[in-house]
Structure formats: C-alpha cells, structure tokens
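Asker: Next comes the structure file entry_31.cif, holding mmCIF, C-alpha atoms.
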```cif
data_model
loop_
_atom_site.label_atom_id
_atom_site.label_comp_id
_atom_site.auth_asym_id
_atom_site.auth_seq_id
_atom_site.Cartn_x
_atom_site.Cartn_y
_atom_site.Cartn_z
CA MET A 56 160.80 89.12 31.74
CA ALA A 57 159.61 87.77 35.06
CA SER A 58 162.87 86.28 36.25
CA THR A 59 164.84 89.54 36.07
CA ARG A 60 162.09 91.55 37.70
CA GLN A 61 162.19 88.94 40.44
CA GLN A 62 165.94 89.34 40.71
CA LEU A 63 165.65 93.08 41.31
CA ASP A 64 162.74 92.45 43.72
CA LYS A 65 164.95 90.03 45.61
CA LEU A 66 167.86 92.47 45.72
CA LEU A 67 165.62 95.20 47.11
CA GLY A 68 164.24 92.77 49.67
CA ALA A 69 167.78 91.94 50.80
CA VAL A 70 168.70 95.64 50.87
CA ALA A 71 165.71 96.24 53.15
CA LYS A 72 167.35 93.83 55.59
CA GLY A 73 170.64 95.74 55.42
CA ASP A 74 172.48 93.45 53.02
CA GLU A 75 175.39 95.54 51.70
CA SER A 76 176.42 93.16 48.93
CA ALA A 77 172.85 93.13 47.60
CA PHE A 78 173.01 96.91 47.63
CA ALA A 79 176.25 96.83 45.65
CA GLU A 80 174.62 94.52 43.11
CA LEU A 81 171.56 96.75 42.87
CA TYR A 82 173.83 99.74 42.31
CA GLN A 83 175.71 97.87 39.59
CA ALA A 84 172.48 96.97 37.84
CA THR A 85 170.72 100.34 38.00
CA SER A 86 173.11 103.25 38.55
CA SER A 87 173.95 103.92 34.88
CA LYS A 88 170.29 104.13 33.96
CA LEU A 89 169.44 106.32 36.92
CA PHE A 90 172.44 108.61 36.42
CA SER A 91 171.39 109.08 32.81
CA VAL A 92 167.84 109.96 33.90
CA ALA A 93 169.13 112.56 36.37
CA LEU A 94 171.70 113.96 33.92
CA ARG A 95 169.10 114.60 31.23
CA ILE A 96 166.92 116.57 33.60
CA LEU A 97 169.74 118.49 35.32
CA ARG A 98 172.39 118.79 32.55
CA ASN A 99 175.03 119.10 35.15
CA ARG A 100 177.18 116.17 36.15
CA GLU A 101 177.97 117.36 39.66
CA VAL A 102 174.35 118.00 40.54
CA ALA A 103 173.27 114.74 38.89
CA GLU A 104 175.84 112.90 41.01
CA GLU A 105 174.46 114.49 44.17
CA VAL A 106 170.92 113.58 43.21
CA VAL A 107 171.83 109.96 42.45
CA GLN A 108 173.80 109.73 45.69
CA GLU A 109 170.83 111.00 47.69
CA ALA A 110 168.50 108.70 45.80
CA PHE A 111 170.58 105.59 46.56
CA PHE A 112 170.82 106.63 50.18
CA LYS A 113 167.05 106.87 50.21
CA VAL A 114 166.78 103.46 48.52
CA TRP A 115 169.00 102.03 51.26
CA GLU A 116 166.91 103.59 54.00
CA ARG A 117 163.49 103.02 52.47
CA ALA A 118 163.88 99.70 50.66
CA GLY A 119 161.46 98.27 53.23
CA ASP A 120 158.74 100.61 51.90
CA PHE A 121 159.01 99.18 48.40
CA LYS A 122 155.81 97.36 47.45
CA PRO A 123 156.29 94.98 44.52
CA GLU A 124 152.53 94.85 43.93
CA ILE A 125 152.45 98.62 43.29
CA ALA A 126 155.64 99.29 41.35
CA SER A 127 158.48 97.51 39.65
CA PRO A 128 161.88 98.01 41.32
CA ILE A 129 163.34 100.13 38.53
CA THR A 130 160.31 102.42 38.20
CA TRP A 131 160.24 102.84 41.99
CA MET A 132 163.90 103.83 42.01
CA ALA A 133 163.54 106.00 38.91
CA ALA A 134 160.65 107.84 40.58
CA ILE A 135 162.90 108.66 43.54
CA VAL A 136 165.63 109.96 41.23
CA ARG A 137 163.24 111.91 39.00
CA ASN A 138 161.47 113.55 41.92
CA ARG A 139 164.74 114.74 43.40
CA ALA A 140 166.06 115.80 40.00
CA LEU A 141 162.91 117.73 39.12
CA ASP A 142 162.82 119.50 42.49
CA GLU A 143 166.46 120.44 42.00
CA ALA A 144 165.91 121.53 38.39
CA ARG A 145 163.06 123.84 39.47
CA ARG A 146 165.35 125.44 42.05
CA ARG A 147 167.99 126.44 39.56
CA VAL A 148 168.29 127.65 36.01
CA VAL A 149 168.91 124.63 33.87
CA ARG A 150 171.22 125.25 30.96
CA PRO A 151 169.85 123.77 27.74
CA PHE A 152 172.06 121.28 25.98
CA ALA A 153 174.22 123.20 23.53
CA ASP A 154 173.27 120.97 20.65
CA ALA A 155 172.30 117.45 19.81
CA THR A 156 175.90 116.19 19.78
CA GLU A 157 176.24 116.81 23.49
CA LEU A 158 173.31 114.48 24.11
CA GLU A 159 174.82 111.82 21.90
CA ASP A 160 178.12 112.14 23.69
CA ILE A 161 176.64 110.96 26.91
CA GLU A 162 174.80 108.03 25.35
CA SER A 163 177.62 105.57 25.40
CA GLU A 164 177.05 102.79 27.88
CA ASP A 165 175.49 99.44 27.26
CA GLU A 166 172.24 98.66 28.96
CA HIS A 167 172.53 96.45 32.02
CA PRO A 168 170.69 93.25 31.11
CA LEU A 169 168.62 93.21 34.33
CA VAL A 170 167.11 96.60 33.63
CA ALA A 171 166.70 96.03 29.92
CA MET A 172 164.74 92.84 30.40
CA GLU A 173 162.60 94.03 33.25
CA LEU A 174 161.13 96.80 31.16
CA ARG A 175 160.87 95.26 27.73
CA GLU A 176 157.15 94.42 27.60
CA ASP A 177 156.00 97.58 29.35
CA VAL A 178 158.17 99.69 27.07
CA GLU A 179 156.70 98.20 23.92
CA ARG A 180 153.19 98.89 25.17
CA LEU A 181 153.96 102.47 26.20
CA LEU A 182 155.76 103.26 22.93
CA ARG A 183 152.84 101.84 20.95
CA CYS A 184 150.46 104.09 22.86
CA MET A 185 152.75 107.11 22.42
CA ASP A 186 152.79 106.48 18.70
CA GLY A 187 149.03 107.04 18.82
CA LEU A 188 149.63 110.71 19.76
CA GLU A 189 150.15 113.38 17.12
CA PRO A 190 153.91 113.80 16.51
CA GLU A 191 154.16 117.23 18.14
CA LYS A 192 152.26 116.07 21.25
CA LYS A 193 154.30 112.93 21.50
CA GLU A 194 157.43 115.10 21.42
CA ILE A 195 156.04 117.31 24.20
CA VAL A 196 155.36 114.30 26.43
CA ARG A 197 158.85 112.96 25.77
CA LEU A 198 160.58 116.28 26.45
CA ALA A 199 158.61 116.76 29.63
CA TYR A 200 159.30 113.29 31.00
CA LEU A 201 162.91 112.88 29.95
CA GLN A 202 164.22 116.43 30.17
CA GLY A 203 161.90 117.72 32.86
CA MET A 204 160.66 120.64 30.76
CA SER A 205 158.02 122.71 32.54
CA ARG A 206 154.82 123.93 30.87
CA ASP A 207 156.45 127.32 30.69
CA ALA A 208 159.56 125.98 28.93
CA LEU A 209 157.42 123.91 26.55
CA ALA A 210 155.31 126.97 25.70
CA LYS A 211 158.46 128.86 24.67
CA ARG A 212 159.91 125.94 22.78
CA PHE A 213 156.73 125.29 20.80
CA ASP A 214 155.72 128.94 20.60
CA ARG A 215 152.24 128.40 22.06
CA PRO A 216 150.45 129.94 25.04
CA GLU A 217 150.98 128.01 28.27
CA GLY A 218 147.24 127.33 28.46
CA THR A 219 147.36 125.54 25.11
CA ILE A 220 150.28 123.41 26.29
CA LYS A 221 148.34 122.51 29.44
CA THR A 222 145.30 121.47 27.42
CA TRP A 223 147.47 119.41 25.07
CA LEU A 224 149.22 117.74 27.98
CA HIS A 225 145.96 116.80 29.68
CA ARG A 226 144.49 115.43 26.46
CA SER A 227 147.64 113.50 25.61
CA LEU A 228 147.87 112.03 29.10
CA ALA A 229 144.20 111.04 29.06
CA GLN A 230 144.70 109.38 25.68
CA LEU A 231 147.76 107.52 26.97
CA LYS A 232 145.89 106.35 30.05
CA GLY A 233 143.01 105.06 27.94
CA CYS A 234 145.38 103.27 25.56
CA LEU A 235 147.43 101.69 28.35
CA GLU A 236 144.32 100.38 30.08
CA GLN A 237 143.07 98.57 27.00
CA MET B 270 137.89 109.69 24.97
CA THR B 271 138.99 109.25 28.58
CA GLU B 272 138.97 112.48 30.63
CA LEU B 273 141.22 113.00 33.63
CA ASP B 274 139.66 114.32 36.82
CA ASP B 275 141.50 117.09 38.69
CA ILE B 276 143.42 114.78 40.99
CA ASP B 277 144.45 112.49 38.15
CA ALA B 278 145.52 115.42 35.95
CA LEU B 279 147.60 116.87 38.78
CA ALA B 280 149.21 113.50 39.52
CA ALA B 281 149.91 112.97 35.81
CA GLU B 282 151.61 116.35 35.40
CA PHE B 283 153.53 115.88 38.65
CA VAL B 284 154.96 112.61 37.35
CA LEU B 285 155.45 113.93 33.83
CA GLY B 286 157.51 116.77 35.27
CA THR B 287 155.71 119.83 33.87
CA LEU B 288 154.67 121.47 37.14
CA SER B 289 156.29 124.65 38.42
CA ARG B 290 158.32 124.68 41.61
CA GLU B 291 155.37 125.97 43.68
CA GLU B 292 153.00 123.38 42.23
CA ARG B 293 155.50 120.59 42.92
CA LEU B 294 155.93 121.69 46.51
CA ALA B 295 152.16 121.77 46.98
CA VAL B 296 151.76 118.25 45.56
CA THR B 297 154.68 116.93 47.63
CA GLU B 298 152.92 118.17 50.73
CA ARG B 299 149.41 117.08 49.72
CA ARG B 300 150.36 113.51 48.75
CA GLU B 301 151.33 112.81 52.36
CA ARG B 302 147.79 113.24 53.56
CA GLU B 303 145.72 112.47 50.44
CA PRO B 304 145.77 108.74 49.72
CA LYS B 305 143.83 109.25 46.50
CA LEU B 306 146.48 111.62 45.15
CA GLU B 307 149.27 109.32 46.33
CA ALA B 308 147.66 106.36 44.56
CA ALA B 309 147.17 108.40 41.39
CA ILE B 310 150.87 109.40 41.45
CA ALA B 311 151.93 105.76 41.90
CA ALA B 312 149.71 104.76 38.96
CA TRP B 313 151.26 107.42 36.70
CA GLU B 314 154.77 106.41 37.77
CA ARG B 315 153.87 102.90 36.65
CA ARG B 316 152.39 104.08 33.35
CA LEU B 317 155.18 106.46 32.30
CA GLY B 318 158.12 104.74 34.04
CA PRO B 319 158.99 102.49 31.10
CA MET B 320 159.93 105.62 29.12
CA ILE B 321 163.30 105.63 30.89
CA GLU B 322 164.06 102.59 28.79
CA THR B 323 164.39 104.88 25.78
CA VAL B 324 167.41 106.71 27.22
CA ALA B 325 170.87 105.26 26.90
CA PRO B 326 172.55 104.58 30.24
CA VAL B 327 175.46 106.78 31.31
CA ALA B 328 177.89 105.36 33.85
CA PRO B 329 178.32 107.60 36.88
CA PRO B 330 181.93 108.36 37.89
CA PRO B 331 183.54 105.46 39.78
CA HIS B 332 183.97 107.47 42.98
CA LEU B 333 180.21 107.91 43.37
CA TYR B 334 179.70 104.45 44.79
CA ASN B 335 182.34 105.04 47.46
CA LYS B 336 180.61 108.25 48.46
CA ILE B 337 177.31 106.43 48.79
CA ARG B 338 178.96 103.62 50.74
CA ALA B 339 180.57 106.11 53.09
CA GLN B 340 177.20 107.76 53.64
CA ILE B 341 175.59 104.41 54.36
CA GLY B 342 178.45 103.25 56.55
CA LEU B 343 178.03 106.32 58.65
CA SER B 344 174.31 105.83 58.91
CA SER B 345 174.39 102.19 59.93
CA HIS B 346 177.00 103.20 62.40
CA VAL B 347 174.70 105.65 64.07
CA ILE B 348 172.15 102.87 64.33
CA SER B 349 174.65 100.60 66.03
CA LEU B 350 175.57 103.40 68.41
CA LYS B 351 171.90 103.81 69.28
CA ALA B 352 171.63 100.10 70.01
CA ARG B 353 174.67 100.34 72.22
CA GLU B 354 173.19 103.30 74.02
CA GLN B 355 169.99 101.41 74.74
CA GLN B 356 172.08 98.61 76.15
CA LEU B 357 173.79 101.06 78.47
CA THR B 358 170.46 102.53 79.48
CA ARG B 359 169.16 99.13 80.44
CA ARG B 360 172.17 98.61 82.63
CA GLY B 361 171.08 101.72 84.46
CA ASN B 362 174.30 103.63 84.33
CA ARG B 363 174.63 106.31 86.95
CA TRP B 364 175.00 109.16 84.47
CA ARG B 365 171.57 108.35 83.22
CA ASN B 366 169.79 108.58 86.57
CA ALA B 367 169.82 112.37 86.66
CA PHE B 368 167.58 112.34 83.61
CA VAL B 369 164.94 109.96 84.90
CA GLY B 370 162.70 112.90 85.77
CA VAL B 371 162.95 114.25 82.25
CA SER B 372 162.16 110.85 80.78
CA ALA B 373 159.12 110.47 83.00
CA MET B 374 157.84 113.84 81.82
CA ALA B 375 158.43 112.83 78.24
CA ALA B 376 156.61 109.55 78.81
CA ALA B 377 153.64 111.37 80.30
CA ALA B 378 153.48 113.52 77.19
CA VAL B 379 153.09 110.53 74.89
CA GLY B 380 149.35 110.32 75.31
CA VAL B 381 148.92 113.96 74.38
CA LEU B 382 151.36 114.28 71.54
CA GLY B 383 151.06 110.92 69.85
CA TYR B 384 153.86 108.53 69.17
CA ARG B 385 155.41 110.31 66.19
CA ASP B 386 155.75 113.59 68.07
CA TYR B 387 157.19 111.69 70.99
CA VAL B 388 159.82 110.07 68.83
CA ASN B 389 160.70 113.43 67.28
CA GLN B 390 161.09 115.00 70.69
CA GLN B 391 163.25 112.11 71.79
CA LEU B 392 165.75 112.59 68.99
CA PRO B 393 169.07 113.03 70.70
CA THR B 394 171.13 116.09 69.98
CA GLN B 395 174.19 114.54 68.52
CA PHE B 396 177.51 116.06 67.61
CA VAL B 397 179.92 114.22 65.40
CA ALA B 398 183.56 114.64 64.51
CA VAL B 399 184.76 112.57 61.60
CA LEU B 400 188.49 112.17 61.77
CA GLN B 401 189.64 111.21 58.34
CA THR B 402 191.91 112.36 55.56
CA SER B 403 190.61 112.92 52.08
CA ALA B 404 193.59 111.01 50.72
CA GLY B 405 192.02 107.68 49.95
CA ALA B 406 189.35 105.14 50.69
CA ASP B 407 191.60 102.79 52.63
CA GLN B 408 192.89 105.42 55.04
CA PRO B 409 191.85 104.99 58.66
CA ALA B 410 188.80 106.89 59.87
CA PHE B 411 187.47 107.57 63.35
CA LEU B 412 184.10 108.75 64.44
CA LEU B 413 183.58 110.69 67.62
CA THR B 414 179.97 111.12 68.68
CA VAL B 415 178.68 113.19 71.57
CA ASP B 416 175.09 113.04 72.64
CA THR B 417 174.29 116.11 74.71
CA LYS B 418 171.06 114.65 76.02
CA THR B 419 172.49 111.43 77.37
CA HIS B 420 175.91 112.99 77.95
CA ASN B 421 177.58 110.10 76.33
CA CYS B 422 180.67 110.26 74.17
CA VAL B 423 181.48 107.39 71.87
CA ILE B 424 184.72 106.98 69.94
CA THR B 425 184.74 104.42 67.19
CA ALA B 426 187.29 103.29 64.67
CA VAL B 427 185.28 103.03 61.48
CA LYS B 428 188.30 101.90 59.58
CA ALA B 429 191.76 101.44 61.01
CA PRO B 430 194.12 99.27 59.01
CA LYS B 431 196.16 97.21 61.41
CA LYS B 432 199.79 98.22 61.54
CA VAL B 433 202.33 95.91 63.15
CA ASP B 434 203.52 97.26 66.51
CA LYS B 435 201.43 100.42 66.12
CA SER B 436 198.27 101.76 67.75
CA TYR B 437 195.98 104.69 66.99
CA GLU B 438 195.53 107.09 69.87
CA VAL B 439 192.88 109.80 70.07
CA TRP B 440 193.70 113.17 71.67
CA MET B 441 191.76 116.19 72.81
CA ILE B 442 193.36 119.59 72.21
CA HIS B 443 192.15 122.78 73.85
CA GLU B 444 193.74 126.11 74.75
CA GLN B 445 192.87 125.55 78.41
CA LEU B 446 194.89 122.35 78.44
CA LYS B 447 198.66 122.51 78.76
CA ALA B 448 199.10 119.46 76.57
CA PRO B 449 196.88 117.21 74.43
CA LYS B 450 194.83 114.91 76.63
CA SER B 451 194.64 111.25 75.66
CA LEU B 452 191.19 109.81 75.09
CA GLY B 453 192.62 106.36 74.65
CA VAL B 454 193.76 103.87 72.06
CA VAL B 455 191.18 102.73 69.53
CA ALA B 456 191.42 99.73 67.23
CA GLU B 457 189.14 98.77 64.37
CA GLY B 458 185.74 97.61 65.57
CA ASP B 459 186.42 99.06 69.02
CA MET B 460 183.83 101.30 70.56
CA SER B 461 184.88 103.26 73.56
CA VAL B 462 182.06 104.83 75.53
CA MET B 463 182.70 107.65 77.98
CA PRO B 464 179.92 109.02 80.15
CA MET B 465 180.45 112.75 80.63
CA ALA B 466 179.14 114.96 83.38
CA PRO B 467 177.68 118.27 82.22
CA GLY B 468 179.86 121.17 83.33
CA PRO B 469 183.06 122.99 82.42
CA ASP B 470 184.81 119.80 81.30
CA MET B 471 182.02 118.99 78.90
CA ASP B 472 181.95 122.58 77.59
CA MET B 473 185.66 122.32 76.92
CA PHE B 474 185.13 119.00 75.20
CA MET B 475 182.48 120.45 72.90
CA ASN B 476 184.84 123.22 71.75
CA ALA B 477 188.01 121.14 71.56
CA SER B 478 189.85 119.84 68.56
CA PHE B 479 190.52 116.16 68.28
CA ALA B 480 193.50 114.44 66.77
CA VAL B 481 194.58 110.91 66.03
CA SER B 482 198.25 109.97 66.17
CA MET B 483 200.13 106.82 65.35
CA GLU B 484 201.81 105.49 68.50
CA PRO B 485 203.77 102.43 69.55
CA GLU B 486 201.55 99.44 70.29
CA GLY B 487 199.40 100.08 73.36
CA GLY B 488 199.63 103.86 73.12
CA SER B 489 202.05 106.67 73.76
CA PRO B 490 204.66 105.75 76.41
CA THR B 491 204.99 109.38 77.56
CA GLY B 492 201.34 110.45 77.88
CA SER B 493 201.78 112.92 75.03
CA PRO B 494 201.62 112.27 71.31
CA THR B 495 204.95 110.91 70.10
CA GLY B 496 204.09 109.66 66.63
CA PRO B 497 202.84 111.49 63.56
CA VAL B 498 199.44 113.19 63.88
CA LEU B 499 197.32 111.66 61.14
CA PHE B 500 194.35 113.98 61.24
CA THR B 501 192.40 116.42 63.33
CA GLY B 502 188.78 117.55 63.48
CA LYS B 503 186.14 119.38 65.50
CA LEU B 504 182.63 118.43 66.53
CA VAL B 505 179.79 119.49 64.28
CA GLN B 506 176.11 119.26 65.09
CA ALA B 507 174.61 116.18 63.49
CA THR B 508 170.96 116.59 64.48
CA PRO B 509 168.90 119.77 64.70
#
```
Output the file's structure in the form of structure tokens.

Answerer:
Amino acid sequence: MASTRQQLDKLLGAVAKGDESAFAELYQATSSKLFSVALRILRNREVAEEVVQEAFFKVWERAGDFKPEIASPITWMAAIVRNRALDEARRRVVRPFADATELEDIESEDEHPLVAMELREDVERLLRCMDGLEPEKKEIVRLAYLQGMSRDALAKRFDRPEGTIKTWLHRSLAQLKGCLEQ
Amino acid sequence: MTELDDIDALAAEFVLGTLSREERLAVTERREREPKLEAAIAAWERRLGPMIETVAPVAPPPHLYNKIRAQIGLSSHVISLKAREQQLTRRGNRWRNAFVGVSAMAAAAVGVLGYRDYVNQQLPTQFVAVLQTSAGADQPAFLLTVDTKTHNCVITAVKAPKKVDKSYEVWMIHEQLKAPKSLGVVAEGDMSVMPMAPGPDMDMFMNASFAVSMEPEGGSPTGSPTGPVLFTGKLVQATP
C-alpha cells in the first residue's frame, strides 16, 4: 500500500540526514525481516547478527544513495543484507538445517505491519508468476533465493549435473521476467 | 519465450544467489564500472525482492541494536572530530604550519590524480583508544583519537554520566614516566584538543596506556590518580 511505502521512504530520507530516531524506527520496522533473511542463508545466529549489524551500518552511511524510483526501501535494504550474507556464506561451509523443525522454530515473530503492507501487491504478482513454473523448478528458485544455495549445492540436492541446473535456472528466470513484465 | 542475454542472466543469478564465490567477486567488481550490469542487478532485485515476504520474521537479539548504535555513535563522532579539525585548520594553528609544504604538494597532485585519489591520499592516519568497560550500556566511555598527520590528539567523553562532586580524569601511563601523567578532566560533551609535536614525547604517547579515574570535582588534588581507575586502554590504528 502506498502510504506505508511512503513511510519507509520518509524514514530513509530522514536517516540520510542523520536522524537517529528515524533510524531507530526503521530498525524496529525492518530488523526482524532482515535478520530472518540473513539467518536462512547463513544458518548461524552469530554470523547473521554480524551481517545485519554491518548492513544497518551501511544503511546509515548510504541512506542518501537510496533512490525511491529504482527500488522500494525494504528491497533495497534486503539486497544489502543478502549480498553480505551470500558473500559470507560462500566464504564458509554452511551447515544445512538439521531438519524442518529447526526452520519452524525460528519462524515465530509477527510481521511488522509496515513491511507486510509495503510488499503485498508485489508479492502476489511474484507468487502468481512462480506458480507458473514447474514445481521442481519453482522449488529450485525458492531454495536459491531464500537459502542461498549455489548451483553446485542445487545439483547435489536434485541429483542433476550442474549444467542442467544452470539451464533450468536461466529458463525459469527468463519465464519469471516475461511473466512479471506482462 | 523470453530469453536472457548474458548480462541479464549473470545479473539474475547474482541476485538469485546461485553464483560461486569467484563469480560473485567478479560481478561485485564489474558492476562498479558497467552501468548496464548494475541496472540489470537493480531490476532483478526489484523482481525477486518480494520473495522475502514469504519468510517469517525472526527478531534479532535485543543487544544487536545497541551494538549498531555504538558503531554509528562512533562514526558520527569521527565526523564531528573532522569538522572540529577543519575549524582548527582555518584558525591556522601553529602546529599546522610545518605541514603547509606537504599540503601544497598534495594540492598540486590533484590535477594528475583526480579528486577521488586525492581524497584517498588525504585520509588521515588515525589511532583510537576507546576507554570503556564491557559492563553495560550506561557506563561512561571516552574516546581518544590521535591523528599522526595533523599531530592532533582529541579526547572526548562519549558518555559520562554526571556524578555529584566527581570528575573523570584521563591519565597517560608509560614505563618512562615515574607516575601517571594527567591529560585533564573531561566531562560529557567536552572535547579537549591537544596539538602534539612529533618527537620522543609523541612516540611515548603512541605506546602509552591510558586510564580514566574518578576524582573529586575539578580533578585530582594531588596530581596523581586518587580515585578508582575505571578503565584503561591503548591506541589502535583506526585507518590503514
């Protein structure tokens, strides 16, 4: 919804001017989502904390670079967190989640209303387009984006050559792009 | 069906998260100088970003925000120190004059190197000692900054809860000194700037330990620490 997107835009604008209370509000509104994003990729609380800390520091320093016409505030911030998390995940051996219960354990918080509302329409569109992919390919895209699985890891998980995974990924992404641009 | 060109496919996989470490490093470097790749990455971040909506939020531990705040507090502090330094420079302090020649050389180099290189070369070499306990967020904290290019030492009370009839005094401790040397009393918001001449005294300063003690209001009556020493620290290099 436009008003909440505008609220986050406004907070980032104030943060760019060095407003500490706006920064606190922005942290309140987005940190649980961003911590969850980092945690899923890194599966290590300490490292996820470090990544989120660095990301918020970067948000504080670079809020002036945020361009509302190019990205929404939450996707801009999520991109910062994901980039750091993925770089970190590639540097170390990431332990797979022991089983599904561990994932459920960490899914406990309620969504902050600002974030939930900002994304609602875009989410519906993306999920509709993802539903257009074959189930296995949809799962691959999800695992890659949310858990940061590399082509190599996906090849092992789905017992296919890496080249096949790459072809699938490119086709799936092209299909998504086409669908989203409709 | 839509096909992705090479740039778009690379950007898509970079954002999706499937690239290897080497491939990620290559893209991170290339995006800086390839606007087309940068734009493609931004477009994919916009397309796939809403997927984070499908994960349930997880609250980070409560202490994380304090850590971030501390990091930011420190950073904005360095900015305010820089502003203060510029102020001092404008006043034309004597300690600065010795370096006029160096500055002139640096200025002459601007045309050749470009502004960014110039700024990088101008980065001061700063050393920082953070004097703080790990006990709690509302404990006092002092920041001691030495800039070896401008030969300026700045002591600041980042946080110093006011105590009735008490003052915080900063001391320098070194084996070549018979007793701790007072660097003065510092209250919250105070910024004490000491120009330092290069030489043996400065060398000693760089290798010294620093301590903060609680003293009667106005500072130690004897010239040596009389109250409890709250914390100590040494300088560490803050810039390469």

Asker: With only C-alpha atoms as the basis for distance, which of A:Leu231, A:Val178, A:Ile96, A:Ala140 is at the shortest distance from chain B?

Answerer: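 Counting only C-alpha atoms, the residue closest to chain B is A:Val178.
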
Asker: Which is closer to Trp115 in chain A than all the others in B:Met320, B:Leu279, B:Val284, B:Ile337, using all atoms listed in the file?

Answerer: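 Selected residue with least distance to Trp115 in chain A: B:Ile337.
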
Asker: Here's the selection I'm unsure about, the PyMOL selection byres ((chain B) within 9 of (chain A)); applied to the file above, which residues does it give, as a ChimeraX atom specification?

Answerer: /B:270-273,278,281-290,293-294,311-330,333-334,336-338,340-341,345

Asker: Set the distance at 8 Å and use only C-alpha atoms: which residues neighbour Ser451 in chain B once local chain neighbours fewer than 5 positions away are removed? I'd like the list as an NGL selection string.

Answerer: :B and (438-441 or 492-493)

Asker: Rounded to one decimal place, report the CA of Pro190 in chain A-CA of Val136 in chain A distance in Å.

Answerer: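 It comes out at 27.6 Å.
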
Asker: For Ser489 in chain B, which residue out of B:Val454, B:Val427, B:Val415, B:Val397 is the nearest one, using only C-alpha atoms?

Answerer: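 Nearest candidate to Ser489 in chain B out of B:Val454, B:Val427, B:Val415, B:Val397: B:Val454.
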
Asker: To one decimal place, how far is CA of Gln61 in chain A from CA of Ala118 in chain A in Å?

Answerer: 14.9 Å

Asker: Excluding Arg117 in chain A and any residue of its chain fewer than 6 positions from it, enumerate the residues within 10 Å of it, using all atoms listed in the file, and give them as a PyMOL selection string.

Answerer: chain A and resi 67+70-71+111

Asker: Go ahead and compute the interatomic distance for CA of Met483 in chain B and CA of Met471 in chain B, in Å to one decimal.

Answerer: 25.7 Å

Asker: Quick one: apply the PyMOL selection byres ((chain B and resi 434) around 7) to the file and drop the selected residues here as a ChimeraX atom specification.

Answerer: /B:432-433,435,485-486

Asker: Once 8 Å is added on each side, what are the centre and the three edge lengths, in Å to one decimal, of the axis-aligned box enclosing the listed atoms of range 278-297 of chain B? Present them as lines of an AutoDock Vina configuration file.

Answerer:
```
center_x = 151.9
center_y = 119.3
center_z = 40.7
size_x = 28.8
size_y = 29.4
size_z = 29.8
```

Asker: I'd like to know which of A:Ala77, A:Lys65, A:Val102, A:Ser227 is closest to Arg139 in chain A, using only C-alpha atoms.

Answerer: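 For Arg139 in chain A, the nearest of the given residues is A:Val102.
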
Asker: Determine the nearest neighbour of Pro497 in chain B from the options B:Tyr437, B:Phe479, B:Phe411, B:Phe396, counting all atoms listed in the file.

Answerer: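 Under the stated criterion, the closest residue is B:Tyr437.
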
Asker: Identify which of the residues B:Leu400, B:Pro494, B:Ile276, B:Asn421 lies closest to Ser436 in chain B, counting only C-alpha atoms when measuring atom-to-atom distances.

Answerer: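 For Ser436 in chain B, the nearest of the candidates is B:Pro494.
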